[in-house]
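See below for the structure under consideration.
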Amino acid sequence: MNPTILVTGGAGYIGAHACVTLIAAGFTPLVLDNLCNSSAESLRRVGRITGVEPRLIVADIRDAQALDALFAAQPVAAVMHFAGLKAVGESTRDPLRYHDNNVAGSIGLLQAMQRAAVRTLIFSSSATVYGEPGFEQFREDMRCDPVNPYGRGKWMIEQMLGDLAASEAGWRIAALRYFNPVGAHASGLIGEDPRGAPDNLMPAITQVAVGRLPKLRVFGGDWPTPDGSGVRDYIHVMDLAEGHVAALRHLLAHDPTLLTLNLGSGHGISVLQMLRAFEQVLGRALPCEIVARRPGDIAAYWADPTLAANVLGWRTQRDLHAMCRDAWRWQQANPRGYASA
Ligand code: NAD
Ligand code: UD1
């Protein structure tokens, strides 16, 4: 029997890719998602890629009864907890909604895991927890000082996981701090499908390429970076998904522990470098304009991925070209995302 892994938020962008890698690695994903930012079509597509469509339970992580019923119905070896709201600007406008969904939701999930004696967890954290400590390369032992409610919620959850692991024996926890996930499964069947206007760089580029947006707005050309545009650490979503399977295998094979790991490539890429790499894949130039800096942005940061390499034996495999190629394949085949189906 393949061990069952509960994947909260598994119908979403990263969760669906994690389902593909879990199935490939011999696990059975069981998805719990309230579909507030996703559609069940992503899991049908996972079925087309792998031959196994993950079972979906449409429920909220704050629904204690649904969680208890799920844990009672089958043995669950571990939980990958992706469910959450992720728009930084929205979190500033409606912090209570974010803290209710992300922080209270995580508490409810942890309580249900405690009742069911399931103590192995992989948590989706974010590089956002670091805030602006005045360094460019972030290492896990650096001070965290997140600057918005979304990031503060992730940091609260990380601290709570530390308290939990210290209070009760047996917890195996990995808090994974993602840098900037981009790209899609190489099949082009699953990918990032933002609702409304995209906030993030890669979906903005692919939507310009497909004609949904008139031009790319580059937020600031006067940053203290080599070409004046912002620098980030982009990570292919399949590398990220494989990092989760590496973390899961590590947790299942070792004594109880609490790990906090960066998942990034270790390389900074500028907005203009990303745009040029995408244009090479596309074979034509895209309309773009350098506009004012976006409030809240910082110039440059990227991961120190050494700890994940040492502990998990994991490092990114896919380069900038693969990120652009796969993002474009997905967007081209699905110009309106899953609604194109
Ligand atoms: P996503 O919105 O595509 O996926 C999140 C999924 O969780 C969605 O399917 C949504 O319907 C579900 N969900 C949200 N609240 C829920 C609730 N209360 N109950 C049940 N389901 C719920 O986002 P994603 O990009 O796949 O991100 C997954 C996780 O990774 C999130 O926790 C996010 O904060 C974190 N993260 C994402 C990024 C990124 O750039 N995408 C970066 C760092 C961290
Ligand atoms: C954002 C979130 C962060 C989240 C991350 C990955 C904020 C403040 N932070 O980070 O919490 O973990 O996404 O999902 O929102 N850019 C443009 N034009 C665009 C869009 C972006 O020039 O249309 C630039 C930005 O200024 C930045 C870079 O592209 O320099 C990356 O931006 P984005 O994809 O939004 O990610 P982050 O801001 O790094």
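Identifiers for the structure tokens are assigned positionally: chains receive A, B, ... in sequence, residues are indexed from 1 per chain, and ligands are indexed from 1 in the order shown.
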
Long-range neighbours of Pro133 of chain A as JSON, numbers by chain, 9 Å cut-off, only C-alpha atoms, 2 positions minimum in chain: {"A": [130, 131, 135, 136, 138, 142, 143, 144, 145]}

Expected file: the selected residues, N, CA and C atoms, as a compact mmCIF listing (two decimals), in the first residue's frame:
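Wrote it out as selection-v8.txt, contents follow:
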```txt
# COMPACT_ATOMS: atom_id res chain seq x y z
N TYR A 130 11.45 36.76 6.17
CA TYR A 130 12.69 37.46 6.52
C TYR A 130 12.49 38.96 6.63
N GLY A 131 11.56 39.51 5.85
CA GLY A 131 11.38 40.96 5.87
C GLY A 131 12.54 41.65 5.18
N PHE A 135 20.21 42.38 4.23
CA PHE A 135 21.11 41.47 3.53
C PHE A 135 20.47 41.12 2.19
N GLU A 136 21.25 40.57 1.29
CA GLU A 136 20.68 40.16 0.01
C GLU A 136 20.45 38.66 -0.03
N PHE A 138 19.51 35.34 1.94
CA PHE A 138 18.86 34.97 3.19
C PHE A 138 19.26 33.57 3.62
N MET A 142 18.97 33.75 10.03
CA MET A 142 18.86 35.21 10.11
C MET A 142 17.58 35.60 10.83
N ARG A 143 17.63 36.80 11.37
CA ARG A 143 16.46 37.34 12.08
C ARG A 143 15.28 37.48 11.10
N CYS A 144 14.08 37.13 11.58
CA CYS A 144 12.88 37.32 10.77
C CYS A 144 12.12 38.52 11.28
N ASP A 145 11.66 39.35 10.34
CA ASP A 145 10.90 40.53 10.71
C ASP A 145 9.98 40.90 9.56
```

Close residues to ligand 1 using only C-alpha atoms and all ligand atoms, limit 7 Å, as a PyMOL selection string: chain A and resi 8-15+32-38+59-62+82-86+101-102+105+124-127+177-181+192

Export N, CA and C atoms of the chosen residues as a compact mmCIF listing (two decimals), in the first residue's frame?
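Writing the result to out.txt gives the following:
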```txt
# COMPACT_ATOMS: atom_id res chain seq x y z
N THR A 8 -3.29 19.52 1.97
CA THR A 8 -4.26 20.63 2.06
C THR A 8 -3.91 21.65 0.99
N GLY A 9 -4.91 22.21 0.34
CA GLY A 9 -4.64 23.16 -0.74
C GLY A 9 -4.07 22.49 -1.98
N GLY A 10 -4.33 21.20 -2.11
CA GLY A 10 -3.71 20.41 -3.18
C GLY A 10 -4.25 20.69 -4.58
N ALA A 11 -5.37 21.43 -4.67
CA ALA A 11 -5.88 21.79 -6.00
C ALA A 11 -5.21 23.06 -6.53
N GLY A 12 -4.44 23.73 -5.66
CA GLY A 12 -3.81 25.00 -6.05
C GLY A 12 -2.55 24.79 -6.89
N TYR A 13 -1.89 25.90 -7.16
CA TYR A 13 -0.73 25.89 -8.06
C TYR A 13 0.37 24.93 -7.59
N ILE A 14 0.89 25.17 -6.40
CA ILE A 14 2.02 24.35 -5.95
C ILE A 14 1.54 22.97 -5.53
N GLY A 15 0.36 22.93 -4.87
CA GLY A 15 -0.17 21.65 -4.39
C GLY A 15 -0.40 20.64 -5.51
N LEU A 32 -7.41 17.92 0.41
CA LEU A 32 -8.49 18.66 1.06
C LEU A 32 -8.33 20.11 0.64
N ASP A 33 -9.37 20.65 0.00
CA ASP A 33 -9.29 22.02 -0.53
C ASP A 33 -10.70 22.59 -0.55
N ASN A 34 -10.83 23.87 -0.18
CA ASN A 34 -12.17 24.48 -0.27
C ASN A 34 -12.39 25.17 -1.62
N LEU A 35 -11.41 25.06 -2.51
CA LEU A 35 -11.48 25.58 -3.88
C LEU A 35 -11.72 27.09 -3.93
N CYS A 36 -11.29 27.82 -2.87
CA CYS A 36 -11.51 29.27 -2.88
C CYS A 36 -10.59 29.97 -3.88
N ASN A 37 -9.50 29.31 -4.29
CA ASN A 37 -8.61 29.94 -5.27
C ASN A 37 -8.12 28.91 -6.29
N SER A 38 -8.98 27.93 -6.60
CA SER A 38 -8.53 26.86 -7.49
C SER A 38 -9.75 26.15 -8.05
N ALA A 59 -13.47 20.79 1.39
CA ALA A 59 -13.73 21.22 2.77
C ALA A 59 -12.69 22.25 3.14
N ASP A 60 -12.95 22.93 4.24
CA ASP A 60 -12.09 24.00 4.74
C ASP A 60 -11.20 23.44 5.86
N ILE A 61 -9.97 23.92 5.92
CA ILE A 61 -9.09 23.45 7.01
C ILE A 61 -9.61 23.89 8.38
N ARG A 62 -10.54 24.86 8.41
CA ARG A 62 -11.11 25.29 9.70
C ARG A 62 -12.30 24.42 10.10
N PHE A 82 -0.46 23.13 2.22
CA PHE A 82 -0.36 24.25 1.28
C PHE A 82 -1.51 25.24 1.43
N ALA A 83 -2.64 24.82 2.04
CA ALA A 83 -3.84 25.66 2.03
C ALA A 83 -3.55 27.00 2.68
N GLY A 84 -3.90 28.06 1.98
CA GLY A 84 -3.70 29.40 2.54
C GLY A 84 -4.02 30.45 1.49
N LEU A 85 -4.22 31.67 1.98
CA LEU A 85 -4.38 32.82 1.09
C LEU A 85 -3.01 33.45 0.94
N LYS A 86 -2.70 34.02 -0.24
CA LYS A 86 -1.30 34.40 -0.48
C LYS A 86 -1.09 35.78 -1.10
N ASN A 101 -7.91 32.66 8.14
CA ASN A 101 -7.70 31.55 7.21
C ASN A 101 -6.36 30.84 7.44
N ASN A 102 -5.30 31.64 7.51
CA ASN A 102 -3.96 31.03 7.51
C ASN A 102 -3.51 30.61 8.91
N GLY A 105 -6.61 28.67 10.69
CA GLY A 105 -6.75 27.44 9.90
C GLY A 105 -5.64 26.45 10.21
N SER A 124 4.10 25.08 4.15
CA SER A 124 4.47 26.07 3.14
C SER A 124 4.74 27.40 3.81
N SER A 125 6.01 27.70 4.06
CA SER A 125 6.33 29.04 4.52
C SER A 125 6.87 29.84 3.33
N SER A 126 7.43 30.98 3.60
CA SER A 126 7.78 31.88 2.51
C SER A 126 9.01 32.69 2.87
N ALA A 127 9.77 33.07 1.86
CA ALA A 127 10.91 33.97 2.07
C ALA A 127 10.44 35.31 2.64
N ARG A 177 10.72 27.43 3.39
CA ARG A 177 10.58 28.84 2.99
C ARG A 177 10.83 28.95 1.49
N TYR A 178 9.72 29.13 0.75
CA TYR A 178 9.85 29.19 -0.71
C TYR A 178 10.33 30.57 -1.12
N PHE A 179 11.18 30.60 -2.13
CA PHE A 179 11.51 31.88 -2.76
C PHE A 179 10.44 32.10 -3.85
N ASN A 180 10.74 32.40 -5.10
CA ASN A 180 9.67 32.76 -6.03
C ASN A 180 9.36 31.61 -6.99
N PRO A 181 8.31 30.84 -6.72
CA PRO A 181 7.98 29.70 -7.58
C PRO A 181 7.40 30.18 -8.92
N GLU A 192 0.11 27.81 -13.20
CA GLU A 192 -0.39 28.87 -12.33
C GLU A 192 -1.56 29.57 -13.00
```

Distance limit 9 Å, reference ligand 2, atoms considered: only C-alpha atoms and all ligand atoms. Which residues make the cut? Give them as a PDB file with N, CA, C and O atoms, in the first residue's frame.
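This is the output file result.pdb:
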```pdb
ATOM      1  N   LYS A  86      -2.703  34.021  -0.237  1.00  0.00           N
ATOM      2  CA  LYS A  86      -1.298  34.397  -0.480  1.00  0.00           C
ATOM      3  C   LYS A  86      -1.093  35.780  -1.101  1.00  0.00           C
ATOM      4  O   LYS A  86       0.021  36.073  -1.529  1.00  0.00           O
ATOM      5  N   ALA A  87      -2.142  36.605  -1.188  1.00  0.00           N
ATOM      6  CA  ALA A  87      -1.952  37.914  -1.830  1.00  0.00           C
ATOM      7  C   ALA A  87      -1.544  38.946  -0.772  1.00  0.00           C
ATOM      8  O   ALA A  87      -2.333  39.292   0.116  1.00  0.00           O
ATOM      9  N   VAL A  88      -0.307  39.435  -0.880  1.00  0.00           N
ATOM     10  CA  VAL A  88       0.237  40.327   0.144  1.00  0.00           C
ATOM     11  C   VAL A  88      -0.606  41.602   0.287  1.00  0.00           C
ATOM     12  O   VAL A  88      -0.941  42.016   1.400  1.00  0.00           O
ATOM     13  N   GLY A  89      -0.975  42.216  -0.846  1.00  0.00           N
ATOM     14  CA  GLY A  89      -1.742  43.467  -0.800  1.00  0.00           C
ATOM     15  C   GLY A  89      -3.087  43.261  -0.115  1.00  0.00           C
ATOM     16  O   GLY A  89      -3.507  44.066   0.740  1.00  0.00           O
ATOM     17  N   SER A 125       6.011  27.701   4.059  1.00  0.00           N
ATOM     18  CA  SER A 125       6.330  29.041   4.517  1.00  0.00           C
ATOM     19  C   SER A 125       6.870  29.843   3.326  1.00  0.00           C
ATOM     20  O   SER A 125       6.749  29.401   2.178  1.00  0.00           O
ATOM     21  N   SER A 126       7.427  30.981   3.597  1.00  0.00           N
ATOM     22  CA  SER A 126       7.777  31.883   2.508  1.00  0.00           C
ATOM     23  C   SER A 126       9.007  32.694   2.867  1.00  0.00           C
ATOM     24  O   SER A 126       9.227  33.017   4.051  1.00  0.00           O
ATOM     25  N   ALA A 127       9.772  33.068   1.863  1.00  0.00           N
ATOM     26  CA  ALA A 127      10.906  33.971   2.074  1.00  0.00           C
ATOM     27  C   ALA A 127      10.443  35.307   2.638  1.00  0.00           C
ATOM     28  O   ALA A 127      11.246  36.061   3.205  1.00  0.00           O
ATOM     29  N   THR A 128       9.145  35.582   2.497  1.00  0.00           N
ATOM     30  CA  THR A 128       8.577  36.821   3.045  1.00  0.00           C
ATOM     31  C   THR A 128       8.808  36.937   4.552  1.00  0.00           C
ATOM     32  O   THR A 128       8.786  38.049   5.084  1.00  0.00           O
ATOM     33  N   VAL A 129       9.015  35.811   5.255  1.00  0.00           N
ATOM     34  CA  VAL A 129       9.207  35.903   6.714  1.00  0.00           C
ATOM     35  C   VAL A 129      10.464  36.696   7.079  1.00  0.00           C
ATOM     36  O   VAL A 129      10.534  37.268   8.157  1.00  0.00           O
ATOM     37  N   VAL A 147       7.136  42.149   6.996  1.00  0.00           N
ATOM     38  CA  VAL A 147       6.657  43.531   6.914  1.00  0.00           C
ATOM     39  C   VAL A 147       5.189  43.640   6.485  1.00  0.00           C
ATOM     40  O   VAL A 147       4.709  44.735   6.251  1.00  0.00           O
ATOM     41  N   ASN A 148       4.485  42.532   6.365  1.00  0.00           N
ATOM     42  CA  ASN A 148       3.064  42.623   6.005  1.00  0.00           C
ATOM     43  C   ASN A 148       2.301  41.491   6.704  1.00  0.00           C
ATOM     44  O   ASN A 148       2.909  40.520   7.165  1.00  0.00           O
ATOM     45  N   TYR A 150       0.432  39.048   5.682  1.00  0.00           N
ATOM     46  CA  TYR A 150       0.628  37.705   5.116  1.00  0.00           C
ATOM     47  C   TYR A 150       1.904  37.083   5.677  1.00  0.00           C
ATOM     48  O   TYR A 150       1.904  35.949   6.180  1.00  0.00           O
ATOM     49  N   GLY A 151       3.009  37.848   5.592  1.00  0.00           N
ATOM     50  CA  GLY A 151       4.294  37.340   6.066  1.00  0.00           C
ATOM     51  C   GLY A 151       4.289  37.120   7.569  1.00  0.00           C
ATOM     52  O   GLY A 151       4.853  36.133   8.060  1.00  0.00           O
ATOM     53  N   ARG A 177      10.719  27.431   3.392  1.00  0.00           N
ATOM     54  CA  ARG A 177      10.582  28.843   2.992  1.00  0.00           C
ATOM     55  C   ARG A 177      10.829  28.946   1.488  1.00  0.00           C
ATOM     56  O   ARG A 177      11.983  28.873   1.038  1.00  0.00           O
ATOM     57  N   TYR A 178       9.722  29.127   0.751  1.00  0.00           N
ATOM     58  CA  TYR A 178       9.853  29.193  -0.711  1.00  0.00           C
ATOM     59  C   TYR A 178      10.328  30.575  -1.116  1.00  0.00           C
ATOM     60  O   TYR A 178       9.853  31.579  -0.588  1.00  0.00           O
ATOM     61  N   PHE A 179      11.185  30.605  -2.127  1.00  0.00           N
ATOM     62  CA  PHE A 179      11.509  31.877  -2.764  1.00  0.00           C
ATOM     63  C   PHE A 179      10.440  32.103  -3.854  1.00  0.00           C
ATOM     64  O   PHE A 179       9.268  32.031  -3.540  1.00  0.00           O
ATOM     65  N   ASN A 180      10.745  32.397  -5.101  1.00  0.00           N
ATOM     66  CA  ASN A 180       9.674  32.762  -6.034  1.00  0.00           C
ATOM     67  C   ASN A 180       9.356  31.607  -6.990  1.00  0.00           C
ATOM     68  O   ASN A 180      10.056  31.430  -7.998  1.00  0.00           O
ATOM     69  N   PRO A 181       8.308  30.840  -6.719  1.00  0.00           N
ATOM     70  CA  PRO A 181       7.979  29.702  -7.585  1.00  0.00           C
ATOM     71  C   PRO A 181       7.398  30.179  -8.921  1.00  0.00           C
ATOM     72  O   PRO A 181       6.525  31.046  -8.947  1.00  0.00           O
ATOM     73  N   VAL A 182       7.898  29.613  -9.998  1.00  0.00           N
ATOM     74  CA  VAL A 182       7.404  29.940 -11.344  1.00  0.00           C
ATOM     75  C   VAL A 182       7.419  28.665 -12.188  1.00  0.00           C
ATOM     76  O   VAL A 182       7.932  27.629 -11.767  1.00  0.00           O
ATOM     77  N   PRO A 198      -2.875  39.425 -12.617  1.00  0.00           N
ATOM     78  CA  PRO A 198      -1.782  38.784 -11.865  1.00  0.00           C
ATOM     79  C   PRO A 198      -0.967  39.795 -11.065  1.00  0.00           C
ATOM     80  O   PRO A 198      -0.692  40.884 -11.541  1.00  0.00           O
ATOM     81  N   ASP A 199      -0.576  39.405  -9.837  1.00  0.00           N
ATOM     82  CA  ASP A 199       0.293  40.242  -9.006  1.00  0.00           C
ATOM     83  C   ASP A 199       1.749  39.958  -9.316  1.00  0.00           C
ATOM     84  O   ASP A 199       2.605  40.814  -9.127  1.00  0.00           O
ATOM     85  N   ASN A 200       2.036  38.735  -9.730  1.00  0.00           N
ATOM     86  CA  ASN A 200       3.430  38.274  -9.794  1.00  0.00           C
ATOM     87  C   ASN A 200       3.990  38.379 -11.204  1.00  0.00           C
ATOM     88  O   ASN A 200       3.254  38.458 -12.181  1.00  0.00           O
ATOM     89  N   LEU A 201       5.319  38.351 -11.270  1.00  0.00           N
ATOM     90  CA  LEU A 201       6.004  38.652 -12.531  1.00  0.00           C
ATOM     91  C   LEU A 201       5.713  37.642 -13.642  1.00  0.00           C
ATOM     92  O   LEU A 201       5.336  38.031 -14.754  1.00  0.00           O
ATOM     93  N   MET A 202       5.913  36.338 -13.371  1.00  0.00           N
ATOM     94  CA  MET A 202       5.825  35.374 -14.478  1.00  0.00           C
ATOM     95  C   MET A 202       4.424  35.330 -15.092  1.00  0.00           C
ATOM     96  O   MET A 202       4.290  35.372 -16.326  1.00  0.00           O
ATOM     97  N   PRO A 203       3.343  35.256 -14.275  1.00  0.00           N
ATOM     98  CA  PRO A 203       2.022  35.280 -14.920  1.00  0.00           C
ATOM     99  C   PRO A 203       1.749  36.581 -15.668  1.00  0.00           C
ATOM    100  O   PRO A 203       1.059  36.573 -16.692  1.00  0.00           O
ATOM    101  N   ALA A 204       2.329  37.699 -15.192  1.00  0.00           N
ATOM    102  CA  ALA A 204       2.162  38.953 -15.940  1.00  0.00           C
ATOM    103  C   ALA A 204       2.831  38.821 -17.308  1.00  0.00           C
ATOM    104  O   ALA A 204       2.251  39.180 -18.342  1.00  0.00           O
ATOM    105  N   ILE A 205       4.045  38.253 -17.356  1.00  0.00           N
ATOM    106  CA  ILE A 205       4.757  38.095 -18.640  1.00  0.00           C
ATOM    107  C   ILE A 205       3.968  37.165 -19.574  1.00  0.00           C
ATOM    108  O   ILE A 205       3.758  37.483 -20.752  1.00  0.00           O
ATOM    109  N   LEU A 216       4.041  44.588 -20.338  1.00  0.00           N
ATOM    110  CA  LEU A 216       4.593  44.308 -19.010  1.00  0.00           C
ATOM    111  C   LEU A 216       5.019  45.626 -18.383  1.00  0.00           C
ATOM    112  O   LEU A 216       5.738  46.416 -18.996  1.00  0.00           O
ATOM    113  N   ARG A 217       4.566  45.844 -17.165  1.00  0.00           N
ATOM    114  CA  ARG A 217       5.027  47.009 -16.404  1.00  0.00           C
ATOM    115  C   ARG A 217       6.178  46.549 -15.510  1.00  0.00           C
ATOM    116  O   ARG A 217       5.990  45.673 -14.657  1.00  0.00           O
ATOM    117  N   VAL A 218       7.343  47.118 -15.742  1.00  0.00           N
ATOM    118  CA  VAL A 218       8.517  46.781 -14.925  1.00  0.00           C
ATOM    119  C   VAL A 218       8.534  47.785 -13.772  1.00  0.00           C
ATOM    120  O   VAL A 218       8.661  48.996 -13.994  1.00  0.00           O
ATOM    121  N   PHE A 219       8.391  47.255 -12.558  1.00  0.00           N
ATOM    122  CA  PHE A 219       8.237  48.149 -11.395  1.00  0.00           C
ATOM    123  C   PHE A 219       9.591  48.672 -10.928  1.00  0.00           C
ATOM    124  O   PHE A 219      10.209  48.108 -10.035  1.00  0.00           O
ATOM    125  N   GLY A 220      10.045  49.749 -11.545  1.00  0.00           N
ATOM    126  CA  GLY A 220      11.281  50.403 -11.123  1.00  0.00           C
ATOM    127  C   GLY A 220      12.451  50.027 -12.002  1.00  0.00           C
ATOM    128  O   GLY A 220      12.730  48.840 -12.195  1.00  0.00           O
ATOM    129  N   GLY A 221      13.146  51.059 -12.529  1.00  0.00           N
ATOM    130  CA  GLY A 221      14.347  50.832 -13.327  1.00  0.00           C
ATOM    131  C   GLY A 221      15.551  51.464 -12.660  1.00  0.00           C
ATOM    132  O   GLY A 221      16.621  51.557 -13.252  1.00  0.00           O
ATOM    133  N   SER A 229      16.626  46.844 -12.437  1.00  0.00           N
ATOM    134  CA  SER A 229      15.337  46.219 -12.115  1.00  0.00           C
ATOM    135  C   SER A 229      15.508  45.280 -10.915  1.00  0.00           C
ATOM    136  O   SER A 229      16.621  44.890 -10.559  1.00  0.00           O
ATOM    137  N   GLY A 230      14.377  44.907 -10.310  1.00  0.00           N
ATOM    138  CA  GLY A 230      14.393  44.116  -9.079  1.00  0.00           C
ATOM    139  C   GLY A 230      14.945  42.710  -9.297  1.00  0.00           C
ATOM    140  O   GLY A 230      14.741  42.110 -10.360  1.00  0.00           O
ATOM    141  N   VAL A 231      15.625  42.189  -8.288  1.00  0.00           N
ATOM    142  CA  VAL A 231      16.264  40.861  -8.383  1.00  0.00           C
ATOM    143  C   VAL A 231      15.642  39.906  -7.368  1.00  0.00           C
ATOM    144  O   VAL A 231      15.478  40.248  -6.193  1.00  0.00           O
ATOM    145  N   ARG A 232      15.268  38.696  -7.841  1.00  0.00           N
ATOM    146  CA  ARG A 232      14.676  37.675  -6.975  1.00  0.00           C
ATOM    147  C   ARG A 232      15.274  36.311  -7.310  1.00  0.00           C
ATOM    148  O   ARG A 232      15.904  36.127  -8.353  1.00  0.00           O
ATOM    149  N   ASP A 233      14.957  35.343  -6.461  1.00  0.00           N
ATOM    150  CA  ASP A 233      15.398  33.961  -6.668  1.00  0.00           C
ATOM    151  C   ASP A 233      14.202  33.165  -7.175  1.00  0.00           C
ATOM    152  O   ASP A 233      13.311  32.807  -6.399  1.00  0.00           O
ATOM    153  N   TYR A 234      14.163  32.908  -8.484  1.00  0.00           N
ATOM    154  CA  TYR A 234      13.041  32.159  -9.064  1.00  0.00           C
ATOM    155  C   TYR A 234      13.355  30.672  -9.021  1.00  0.00           C
ATOM    156  O   TYR A 234      14.474  30.263  -9.316  1.00  0.00           O
ATOM    157  N   SER A 270      17.166  39.257 -12.478  1.00  0.00           N
ATOM    158  CA  SER A 270      16.443  40.536 -12.507  1.00  0.00           C
ATOM    159  C   SER A 270      15.187  40.415 -13.372  1.00  0.00           C
ATOM    160  O   SER A 270      15.054  39.488 -14.178  1.00  0.00           O
ATOM    161  N   VAL A 271      14.299  41.377 -13.189  1.00  0.00           N
ATOM    162  CA  VAL A 271      13.068  41.403 -14.000  1.00  0.00           C
ATOM    163  C   VAL A 271      13.426  41.445 -15.487  1.00  0.00           C
ATOM    164  O   VAL A 271      12.847  40.709 -16.300  1.00  0.00           O
ATOM    165  N   LEU A 272      14.411  42.283 -15.842  1.00  0.00           N
ATOM    166  CA  LEU A 272      14.757  42.404 -17.262  1.00  0.00           C
ATOM    167  C   LEU A 272      15.427  41.129 -17.778  1.00  0.00           C
ATOM    168  O   LEU A 272      15.183  40.716 -18.921  1.00  0.00           O
ATOM    169  N   MET A 274      14.711  38.133 -16.718  1.00  0.00           N
ATOM    170  CA  MET A 274      13.593  37.190 -16.874  1.00  0.00           C
ATOM    171  C   MET A 274      12.836  37.484 -18.170  1.00  0.00           C
ATOM    172  O   MET A 274      12.500  36.580 -18.937  1.00  0.00           O
ATOM    173  N   ILE A 290       8.990  50.712 -18.276  1.00  0.00           N
ATOM    174  CA  ILE A 290       9.496  50.851 -16.906  1.00  0.00           C
ATOM    175  C   ILE A 290       8.647  51.905 -16.207  1.00  0.00           C
ATOM    176  O   ILE A 290       8.515  53.030 -16.703  1.00  0.00           O
ATOM    177  N   VAL A 291       8.010  51.514 -15.128  1.00  0.00           N
ATOM    178  CA  VAL A 291       7.124  52.410 -14.387  1.00  0.00           C
ATOM    179  C   VAL A 291       7.691  52.581 -12.968  1.00  0.00           C
ATOM    180  O   VAL A 291       8.757  52.067 -12.653  1.00  0.00           O
ATOM    181  N   ARG A 293       8.422  52.314  -8.953  1.00  0.00           N
ATOM    182  CA  ARG A 293       8.596  51.164  -8.058  1.00  0.00           C
ATOM    183  C   ARG A 293       7.253  50.803  -7.422  1.00  0.00           C
ATOM    184  O   ARG A 293       6.454  51.694  -7.147  1.00  0.00           O
ATOM    185  N   ARG A 294       7.036  49.538  -7.163  1.00  0.00           N
ATOM    186  CA  ARG A 294       5.812  49.088  -6.468  1.00  0.00           C
ATOM    187  C   ARG A 294       6.021  49.275  -4.961  1.00  0.00           C
ATOM    188  O   ARG A 294       7.045  48.835  -4.426  1.00  0.00           O
ATOM    189  N   PRO A 295       5.040  49.911  -4.280  1.00  0.00           N
ATOM    190  CA  PRO A 295       5.213  50.106  -2.836  1.00  0.00           C
ATOM    191  C   PRO A 295       5.449  48.771  -2.138  1.00  0.00           C
ATOM    192  O   PRO A 295       4.802  47.771  -2.456  1.00  0.00           O
ATOM    193  N   GLY A 296       6.369  48.767  -1.184  1.00  0.00           N
ATOM    194  CA  GLY A 296       6.626  47.551  -0.404  1.00  0.00           C
ATOM    195  C   GLY A 296       7.698  46.656  -1.006  1.00  0.00           C
ATOM    196  O   GLY A 296       8.178  45.738  -0.343  1.00  0.00           O
ATOM    197  N   ASP A 297       8.085  46.891  -2.275  1.00  0.00           N
ATOM    198  CA  ASP A 297       9.126  46.048  -2.894  1.00  0.00           C
ATOM    199  C   ASP A 297      10.498  46.358  -2.309  1.00  0.00           C
ATOM    200  O   ASP A 297      10.737  47.468  -1.825  1.00  0.00           O
ATOM    201  N   ILE A 298      11.398  45.383  -2.375  1.00  0.00           N
ATOM    202  CA  ILE A 298      12.795  45.667  -2.054  1.00  0.00           C
ATOM    203  C   ILE A 298      13.647  45.333  -3.274  1.00  0.00           C
ATOM    204  O   ILE A 298      13.178  44.663  -4.202  1.00  0.00           O
ATOM    205  N   ALA A 299      14.899  45.821  -3.276  1.00  0.00           N
ATOM    206  CA  ALA A 299      15.720  45.758  -4.488  1.00  0.00           C
ATOM    207  C   ALA A 299      16.030  44.321  -4.888  1.00  0.00           C
ATOM    208  O   ALA A 299      15.769  43.909  -6.019  1.00  0.00           O
ATOM    209  N   ALA A 300      16.608  43.573  -3.949  1.00  0.00           N
ATOM    210  CA  ALA A 300      17.185  42.285  -4.348  1.00  0.00           C
ATOM    211  C   ALA A 300      17.264  41.336  -3.170  1.00  0.00           C
ATOM    212  O   ALA A 300      17.645  41.752  -2.070  1.00  0.00           O
ATOM    213  N   TYR A 301      16.868  40.094  -3.373  1.00  0.00           N
ATOM    214  CA  TYR A 301      17.203  39.049  -2.400  1.00  0.00           C
ATOM    215  C   TYR A 301      17.133  37.693  -3.065  1.00  0.00           C
ATOM    216  O   TYR A 301      16.445  37.510  -4.067  1.00  0.00           O
TER     217      TYR A 301
END
```

Strand (DSSP E or B) call set, DSSP backbone run, segment 63-275 of chain A, as a PyMOL selection string: chain A and resi 78-81+120-126+131+137-138+145+172-178+180-182+216-219+231-232+234-236+257-263+269-270

Using only C-alpha atoms: which of A:Gly51, A:Pro214, A:Gly264, A:Gly191 has the shortest distance to Cys288 of chain A: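 Checking each candidate against Cys288 of chain A, we get A:Pro214 as the closest.
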
Exercise: Glu90 of chain A partners within 10 Å, only C-alpha atoms, chain neighbours under 6 positions left out, as a VMD selection string: chain A and resid 97 to 98 149 to 150

Nearby residues (only C-alpha atoms) at most 7 Å from Asp326 of chain A, same-chain spacing under 5 positions excluded, as a PyMOL selection string: chain A and resi 183-186+188

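All residues within segment 212-289 of chain A that the backbone DSSP calculation assigns to helix (DSSP H, G or I) are Val237, Met238, Asp239, Leu240, Ala241, Glu242, Gly243, His244, Val245, Ala246, Ala247, Leu248, Arg249, His250, Leu251, Leu252, Ala253, Val271, Leu272, Gln273, Met274, Leu275, Arg276, Ala277, Phe278, Glu279, Gln280, Val281 and Leu282 of chain A.
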
Option closest in space to Thr316 of chain A, from A:Ala246, A:Ala72, A:Met156, A:Ala78 [counting only C-alpha atoms]: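 Distance minimum relative to Thr316 of chain A lands on A:Ala246.
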
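Here atom CA of Arg336 of chain A stands at a distance of 15.4 Å from atom CA of Ala40 of chain A.
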
Contacts of segment 173-176 of chain A at 10 Å (only C-alpha atoms; same-chain gap of 5+ positions) as an MDAnalysis selection string: chainID A and resid 78:81 119:127 154 157:158 161:162 164:165 240 243:244 247:248 250:251 256:264 308

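Here atom CA of Leu56 of chain A is placed at a distance of 22.1 Å from atom CA of Ala104 of chain A.
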
Selected residue, from A:Pro75, A:Pro287, A:Gly268, A:Pro335, that lies nearest to Ala303 of chain A when counting only C-alpha atoms: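 Of all the options, A:Gly268 lies closest to Ala303 of chain A.
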